[in-house]
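Shown next: target13.txt, containing compact mmCIF, C-alpha atoms.
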# COMPACT_ATOMS: atom_id res chain seq x y z
CA MET A 122 -15.66 -42.03 26.91
CA SER A 123 -15.09 -38.44 25.77
CA ARG A 124 -15.59 -37.51 22.14
CA ARG A 125 -12.44 -36.75 20.18
CA VAL A 126 -12.09 -33.85 17.76
CA LEU A 127 -9.38 -32.38 15.57
CA LEU A 128 -8.68 -28.64 15.67
CA THR A 129 -6.41 -26.86 13.22
CA GLY A 130 -4.97 -23.49 14.23
CA GLY A 131 -5.56 -24.04 17.94
CA ASN A 132 -2.73 -21.65 18.80
CA GLY A 133 -4.45 -18.70 17.10
CA PHE A 134 -6.92 -16.11 18.35
CA VAL A 135 -10.12 -17.82 17.23
CA GLY A 136 -8.70 -21.33 17.52
CA SER A 137 -7.71 -20.88 21.16
CA HIS A 138 -11.24 -19.80 22.09
CA ILE A 139 -12.66 -22.85 20.29
CA LEU A 140 -10.16 -25.02 22.15
CA ARG A 141 -11.26 -23.58 25.49
CA GLN A 142 -14.91 -24.29 24.72
CA LEU A 143 -14.16 -27.86 23.66
CA LEU A 144 -12.01 -28.62 26.70
CA ASP A 145 -14.52 -27.11 29.12
CA ARG A 146 -17.15 -29.43 27.63
CA GLY A 147 -15.02 -32.49 28.19
CA PHE A 148 -13.79 -33.12 24.64
CA SER A 149 -10.44 -34.69 23.85
CA VAL A 150 -8.74 -32.45 21.30
CA CYS A 151 -5.90 -33.03 18.86
CA CYS A 152 -4.38 -29.71 17.79
CA THR A 153 -2.44 -29.55 14.54
CA ILE A 154 0.17 -26.79 14.47
CA ARG A 155 3.23 -25.96 12.38
CA THR A 156 6.01 -26.20 14.99
CA GLN A 157 6.75 -27.96 18.24
CA ALA A 158 7.22 -24.58 19.93
CA LYS A 159 3.65 -23.60 19.06
CA GLY A 160 2.44 -26.91 20.43
CA GLU A 161 4.25 -26.37 23.71
CA LYS A 162 2.70 -22.92 23.92
CA ILE A 163 -0.79 -24.44 23.65
CA LEU A 164 0.02 -26.91 26.44
CA ASN A 165 1.31 -24.08 28.63
CA ASP A 166 -1.72 -21.90 27.94
CA PHE A 167 -4.03 -24.78 28.93
CA ALA A 168 -1.83 -26.23 31.65
CA THR A 169 -4.67 -27.54 33.82
CA GLN A 170 -6.27 -29.38 30.88
CA GLN A 171 -3.20 -30.86 29.23
CA SER A 172 -4.49 -34.39 29.69
CA GLN A 173 -7.25 -33.61 27.16
CA ILE A 174 -4.86 -32.25 24.50
CA ASP A 175 -2.67 -33.92 21.91
CA VAL A 176 -0.41 -31.91 19.64
CA THR A 177 0.49 -33.01 16.12
CA ILE A 178 2.94 -31.17 13.89
CA VAL A 179 1.79 -30.37 10.35
CA PRO A 180 4.63 -28.12 9.16
CA ASN A 181 3.13 -27.08 5.84
CA ILE A 182 -0.59 -27.42 5.19
CA VAL A 183 -0.04 -26.56 1.52
CA GLU A 184 1.94 -29.73 0.84
CA PRO A 185 -0.05 -32.58 -0.77
CA GLU A 186 -1.30 -35.13 1.78
CA ALA A 187 -0.31 -32.73 4.57
CA TYR A 188 -2.97 -34.06 6.94
CA ASP A 189 -3.05 -37.71 5.89
CA ALA A 190 -0.85 -39.07 8.70
CA VAL A 191 -2.96 -37.29 11.34
CA PHE A 192 -6.05 -39.24 10.35
CA ARG A 193 -4.29 -42.53 9.71
CA ASP A 194 -3.00 -42.52 13.29
CA SER A 195 -6.19 -41.45 15.12
CA SER A 196 -9.95 -41.38 14.80
CA PHE A 197 -12.16 -38.34 15.32
CA ASP A 198 -15.84 -37.41 15.43
CA THR A 199 -15.55 -33.82 14.24
CA VAL A 200 -12.99 -31.48 12.65
CA PHE A 201 -12.73 -27.75 13.33
CA HIS A 202 -10.65 -25.96 10.69
CA THR A 203 -9.40 -22.49 11.64
CA ALA A 204 -5.82 -22.53 10.30
CA SER A 205 -5.40 -19.72 7.76
CA PRO A 206 -3.11 -16.66 7.87
CA PHE A 207 -4.46 -13.17 8.56
CA THR A 208 -1.43 -10.97 9.18
CA TYR A 209 -0.34 -8.42 6.62
CA VAL A 210 3.40 -8.26 5.94
CA SER A 211 5.58 -6.00 3.83
CA GLY A 212 8.34 -6.75 1.36
CA ALA A 213 8.76 -9.02 -1.66
CA THR A 214 6.40 -8.77 -4.62
CA ALA A 215 2.64 -8.39 -4.54
CA GLU A 216 2.23 -11.87 -5.98
CA THR A 217 4.54 -13.45 -3.39
CA ASN A 218 2.86 -11.69 -0.49
CA ASN A 219 -0.64 -12.36 -1.76
CA LEU A 220 0.00 -16.05 -2.22
CA GLN A 221 0.70 -16.25 1.52
CA PHE A 222 -3.06 -15.88 1.97
CA LEU A 223 -4.31 -17.71 -1.08
CA GLU A 224 -2.33 -20.95 -1.03
CA PRO A 225 -2.74 -21.91 2.66
CA ALA A 226 -6.45 -21.05 2.60
CA ILE A 227 -7.27 -22.94 -0.58
CA LYS A 228 -4.78 -25.81 -0.64
CA GLY A 229 -4.85 -26.25 3.13
CA THR A 230 -8.63 -26.60 3.11
CA LEU A 231 -8.66 -29.03 0.18
CA ASN A 232 -5.86 -31.12 1.69
CA LEU A 233 -7.87 -31.42 4.89
CA LEU A 234 -11.07 -32.37 3.07
CA HIS A 235 -9.30 -35.05 1.02
CA ALA A 236 -7.55 -36.45 4.11
CA VAL A 237 -10.84 -36.79 5.99
CA LYS A 238 -12.55 -38.41 3.01
CA ASN A 239 -9.73 -40.90 2.46
CA HIS A 240 -8.63 -41.71 6.00
CA ALA A 241 -11.27 -40.67 8.55
CA PRO A 242 -14.47 -42.69 8.19
CA THR A 243 -15.64 -41.76 11.71
CA VAL A 244 -15.74 -37.99 11.06
CA LYS A 245 -19.31 -36.79 10.70
CA ARG A 246 -18.80 -33.05 10.24
CA ILE A 247 -16.17 -30.48 9.35
CA ILE A 248 -16.75 -26.98 10.72
CA TRP A 249 -14.75 -24.43 8.80
CA THR A 250 -14.09 -20.87 9.97
CA GLY A 251 -14.52 -18.72 6.91
CA SER A 252 -15.07 -14.98 6.93
CA CYS A 253 -17.55 -12.30 6.05
CA ALA A 254 -14.74 -11.18 3.72
CA SER A 255 -15.95 -13.85 1.29
CA VAL A 256 -19.40 -12.27 1.30
CA VAL A 257 -19.10 -8.47 1.31
CA ASP A 258 -18.03 -6.32 -1.65
CA TYR A 259 -15.65 -3.94 0.11
CA ASP A 260 -15.26 -1.87 -3.07
CA CYS A 261 -18.92 -0.90 -2.74
CA LEU A 262 -19.50 -0.11 0.92
CA VAL A 263 -22.39 2.32 0.41
CA SER A 264 -25.38 2.24 -1.88
CA ASP A 265 -28.92 3.54 -2.22
CA PRO A 266 -30.77 1.68 -0.89
CA PRO A 267 -28.19 0.26 1.55
CA ARG A 268 -27.07 -3.28 0.71
CA VAL A 269 -27.97 -6.12 3.09
CA TYR A 270 -25.67 -9.14 2.75
CA ASP A 271 -26.45 -12.73 3.67
CA GLU A 272 -25.21 -16.29 3.03
CA ASN A 273 -26.16 -16.15 -0.65
CA ASP A 274 -23.71 -13.37 -1.50
CA TRP A 275 -20.09 -13.60 -2.67
CA ASN A 276 -17.53 -10.84 -3.00
CA PRO A 277 -16.75 -10.18 -6.69
CA ILE A 278 -12.92 -10.25 -6.49
CA SER A 279 -11.33 -12.06 -9.44
CA TRP A 280 -8.32 -14.38 -9.21
CA ASP A 281 -6.15 -11.85 -11.06
CA GLU A 282 -7.09 -9.12 -8.56
CA ALA A 283 -6.35 -11.54 -5.73
CA VAL A 284 -2.85 -12.37 -6.96
CA ASN A 285 -1.74 -8.95 -8.16
CA GLY A 286 -3.82 -6.50 -6.14
CA GLU A 287 -3.66 -5.17 -2.60
CA GLN A 288 -3.05 -7.58 0.28
CA SER A 289 -6.48 -6.82 1.69
CA LYS A 290 -8.03 -8.09 -1.54
CA ALA A 291 -5.84 -11.20 -1.43
CA TYR A 292 -7.10 -11.99 2.06
CA ARG A 293 -10.74 -11.50 1.09
CA ALA A 294 -10.23 -13.57 -2.04
CA SER A 295 -8.53 -16.35 -0.08
CA LYS A 296 -11.67 -16.80 1.99
CA LYS A 297 -13.92 -16.66 -1.06
CA PHE A 298 -11.99 -19.11 -3.23
CA ALA A 299 -11.29 -21.51 -0.37
CA GLU A 300 -14.98 -21.72 0.46
CA LEU A 301 -15.97 -22.11 -3.19
CA GLU A 302 -13.46 -24.97 -3.55
CA ALA A 303 -14.78 -26.58 -0.37
CA TRP A 304 -18.38 -26.55 -1.61
CA ALA A 305 -17.25 -27.82 -5.01
CA PHE A 306 -15.48 -30.68 -3.23
CA MET A 307 -18.64 -31.56 -1.33
CA LYS A 308 -20.69 -31.56 -4.53
CA ASN A 309 -18.24 -33.54 -6.66
CA GLU A 310 -16.75 -35.97 -4.13
CA LYS A 311 -19.90 -36.64 -2.08
CA PRO A 312 -17.98 -37.56 1.08
CA HIS A 313 -19.38 -39.31 4.16
CA PHE A 314 -19.32 -36.11 6.26
CA ASP A 315 -21.13 -32.81 6.02
CA LEU A 316 -19.62 -29.32 5.94
CA VAL A 317 -20.55 -26.22 7.91
CA THR A 318 -18.97 -22.85 7.13
CA LEU A 319 -19.14 -19.89 9.47
CA CYS A 320 -18.50 -16.40 8.07
CA PRO A 321 -17.92 -13.95 10.94
CA PRO A 322 -17.01 -10.30 10.36
CA ALA A 323 -14.14 -8.66 12.27
CA THR A 324 -13.73 -10.74 15.42
CA PHE A 325 -12.74 -8.91 18.59
CA GLY A 326 -12.35 -10.10 22.16
CA PRO A 327 -9.90 -10.81 24.96
CA LEU A 328 -7.13 -13.26 24.18
CA ARG A 329 -7.19 -16.86 25.35
CA HIS A 330 -3.72 -17.58 23.97
CA SER A 331 -0.70 -15.85 25.48
CA ILE A 332 1.40 -13.20 23.78
CA SER A 333 4.40 -11.30 25.10
CA SER A 334 3.83 -8.01 23.29
CA ILE A 335 1.08 -5.87 21.81
CA GLN A 336 3.00 -6.25 18.55
CA ASP A 337 1.98 -9.93 18.52
CA LEU A 338 -1.75 -9.22 18.43
CA ASN A 339 -3.94 -10.91 15.85
CA GLU A 340 -4.94 -8.65 12.97
CA SER A 341 -8.48 -7.76 14.08
CA ASN A 342 -7.56 -6.88 17.67
CA ALA A 343 -4.47 -5.03 16.40
CA ARG A 344 -6.72 -2.82 14.30
CA LEU A 345 -8.96 -2.10 17.28
CA TRP A 346 -5.89 -1.31 19.40
CA LYS A 347 -4.40 1.11 16.88
CA ALA A 348 -7.66 2.84 16.05
CA CYS A 349 -9.24 3.07 19.47
CA PHE A 350 -6.85 2.43 22.36
CA ASP A 351 -3.50 3.70 21.05
CA SER A 352 -4.85 7.03 19.87
CA SER A 353 -5.93 10.29 21.52
CA LYS A 354 -9.23 11.62 22.79
CA ASP A 355 -9.27 14.41 20.20
CA ALA A 356 -8.66 12.11 17.22
CA PRO A 357 -11.59 11.56 14.86
CA VAL A 358 -13.68 8.49 15.50
CA PRO A 359 -12.19 5.87 13.18
CA TYR A 360 -14.18 4.32 10.37
CA ILE A 361 -13.30 0.75 9.49
CA PRO A 362 -15.09 -0.99 6.59
CA VAL A 363 -16.40 -3.62 9.01
CA HIS A 364 -18.38 -0.91 10.84
CA THR A 365 -16.53 -1.08 14.14
CA TYR A 366 -15.66 1.92 16.23
CA VAL A 367 -15.79 2.77 19.93
CA ASP A 368 -16.74 5.75 22.02
CA VAL A 369 -15.04 5.08 25.35
CA GLN A 370 -13.96 7.72 27.88
CA GLY A 371 -10.18 8.14 28.30
CA GLN A 372 -7.10 10.08 27.20
CA ARG A 373 -6.08 7.57 24.52
CA THR A 374 -9.45 6.84 22.94
CA PRO A 375 -11.30 9.02 20.41
CA LEU A 376 -14.30 10.46 22.25
CA GLY A 377 -16.53 11.20 19.28
CA LYS A 378 -19.96 12.72 19.73
CA PRO A 379 -22.36 10.56 21.77
CA GLY A 380 -25.54 9.76 19.88
CA THR A 381 -23.97 10.16 16.45
CA SER A 382 -22.60 7.58 14.03
CA SER A 383 -19.40 7.58 12.00
CA LEU A 384 -20.96 5.33 9.36
CA PRO A 385 -21.50 6.98 5.97
CA PRO A 386 -25.05 7.22 4.59
CA GLY A 387 -26.02 4.06 2.75
CA ALA A 388 -23.58 1.82 4.62
CA TYR A 389 -24.20 -1.88 4.15
CA SER A 390 -25.50 -4.22 6.84
CA ILE A 391 -25.51 -7.96 7.50
CA ASP A 392 -28.47 -10.31 7.88
CA ASN A 393 -27.49 -12.83 10.58
CA ALA A 394 -30.96 -14.31 11.04
CA LYS A 395 -29.85 -17.77 9.90
CA VAL A 396 -27.09 -18.21 12.49
CA LYS A 397 -29.43 -17.01 15.22
CA ALA A 398 -32.13 -19.45 14.16
CA VAL A 399 -29.90 -22.49 13.58
CA LEU A 400 -27.44 -22.07 16.45
CA GLY A 401 -29.51 -20.06 18.88
CA VAL A 402 -26.73 -17.50 19.19
CA GLU A 403 -27.21 -14.54 21.52
CA PHE A 404 -24.63 -11.96 20.43
CA ARG A 405 -22.86 -9.84 23.02
CA SER A 406 -23.12 -6.08 22.74
CA LEU A 407 -20.37 -3.95 21.20
CA GLU A 408 -19.90 -2.24 24.56
CA GLU A 409 -19.27 -5.55 26.36
CA THR A 410 -16.85 -6.69 23.69
CA VAL A 411 -14.84 -3.48 23.58
CA LEU A 412 -14.59 -3.25 27.36
CA ASP A 413 -13.34 -6.84 27.56
CA VAL A 414 -10.77 -6.17 24.83
CA ALA A 415 -9.64 -2.95 26.51
CA ARG A 416 -9.07 -4.65 29.86
CA CYS A 417 -7.15 -7.48 28.21
CA LEU A 418 -4.94 -5.38 25.95
CA LEU A 419 -4.19 -2.68 28.50
CA GLY A 420 -3.17 -5.47 30.89
CA ILE A 421 -0.79 -6.88 28.29
CA GLU A 422 0.67 -3.41 27.74
CA ARG A 423 1.21 -2.90 31.48
CA ILE A 424 3.09 -6.18 31.76
CA GLU A 425 5.12 -5.38 28.65
CA LYS A 426 6.19 -2.01 30.06
CA ALA A 427 6.89 -3.27 33.58

Taking this structure as input, can you express it in the form of structure tokens?
Amino acid sequence: MSRRVLLTGGNGFVGSHILRQLLDRGFSVCCTIRTQAKGEKILNDFATQQSQIDVTIVPNIVEPEAYDAVFRDSSFDTVFHTASPFTYVSGATAETNNLQFLEPAIKGTLNLLHAVKNHAPTVKRIIWTGSCASVVDYDCLVSDPPRVYDENDWNPISWDEAVNGEQSKAYRASKKFAELEAWAFMKNEKPHFDLVTLCPPATFGPLRHSISSIQDLNESNARLWKACFDSSKDAPVPYIPVHTYVDVQGQRTPLGKPGTSSLPPGAYSIDNAKVKAVLGVEFRSLEETVLDVARCLLGIERIEKA
């Protein structure tokens, strides 16, 4: 009998890749999504593996007891939690826009944790997709000596800055405060399951979920597209605070100067020794990743323009 897991955000960029890995390994997966249309999209994207997928509608993860019915109706071994917004929008007030990050991240995570504790005795582990944004101080990107961040670090953003500051700070704060609340829950509630948090930096790669337009790209790939593929060869090599830039031949990509770096002196770095040791991860090179993204996104653009 196949093991059964719950996946939140399975229609998203990261979630769809997790879903692919789970299905390819024979797992039965229940995907919680906000609308029936998003659920149908998952089933269409994984048409040959539909028999392994169930879709459950959770329209608002912020609502109290949002996930309770999911766990009352089914049993699971493991929960993967990826549902959290990362798309900047304009309009309304800073507080209104910033809460779009903060409330789903914090309340959605706590609602899930409480639901598993109260209604899912078979769950052994929750794996939560956090972000390096909860770790790095993006207001201090360079220092002497250069800063090296690891799992013990937290970004210093306050709640007031999160609510009333720039949207980028609200996103970073949402990851920080959601993870802090999750660890506080584990300490105070002492549930029957354990918690694993993963804090990746900017996450690039080809899409596993389908989109109809470049405009529908997830935030990280959209940034790579705008900075590196939808530019010109004479444009300056872009600097992004997550230290990602490319030097690929072509008329639409900044060429840069081979052998040089666009990083400022004293730029921070990340110590990922723990994830390598615990999970045995072998990271792909930047060149492999960028080439895969380029092929994927240029293919989407060709279809869109056809």

*Interatomic distance between atom CA of Asp355 of chain A and atom CA of Tyr389 of chain A?*
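Going from atom CA of Asp355 of chain A over to atom CA of Tyr389 of chain A, I get 27.3 Å.
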
*Near Gly326 of chain A, counting all atoms listed in the file, which residues have an atom at most 7 Å away, once you skip same-chain residues fewer than 4 positions from it, shown as number ranges by chain?*
A: 410, 413-414

*Which one is closest to Arg293 of chain A: A:Ile335, A:Ser279, A:Arg146, A:Asp175? Count only C-alpha atoms.*
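Looking only at the distances to Arg293 of chain A, the closest residue turns out to be A:Ser279.
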
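For the pair atom CA of Ser390 of chain A and atom CA of Ala291 of chain A, the separation is 22.4 Å.
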
*Go through A:Ala415, A:Leu127, A:Ala388, A:Ile139 and flag the residue nearest Leu262 of chain A, using only C-alpha atoms for the distances.*
A:Ala388

*asked:* So that I can see what lies close to segment 240-256 of chain A, please list as a VMD selection string the residues with an atom at most 6 Å from it, counting all atoms listed in the file and leaving out residues fewer than 5 positions away in the same chain.
replied: chain A and resid 192 to 193 197 to 203 274 to 276 293 296 to 297 314 to 322
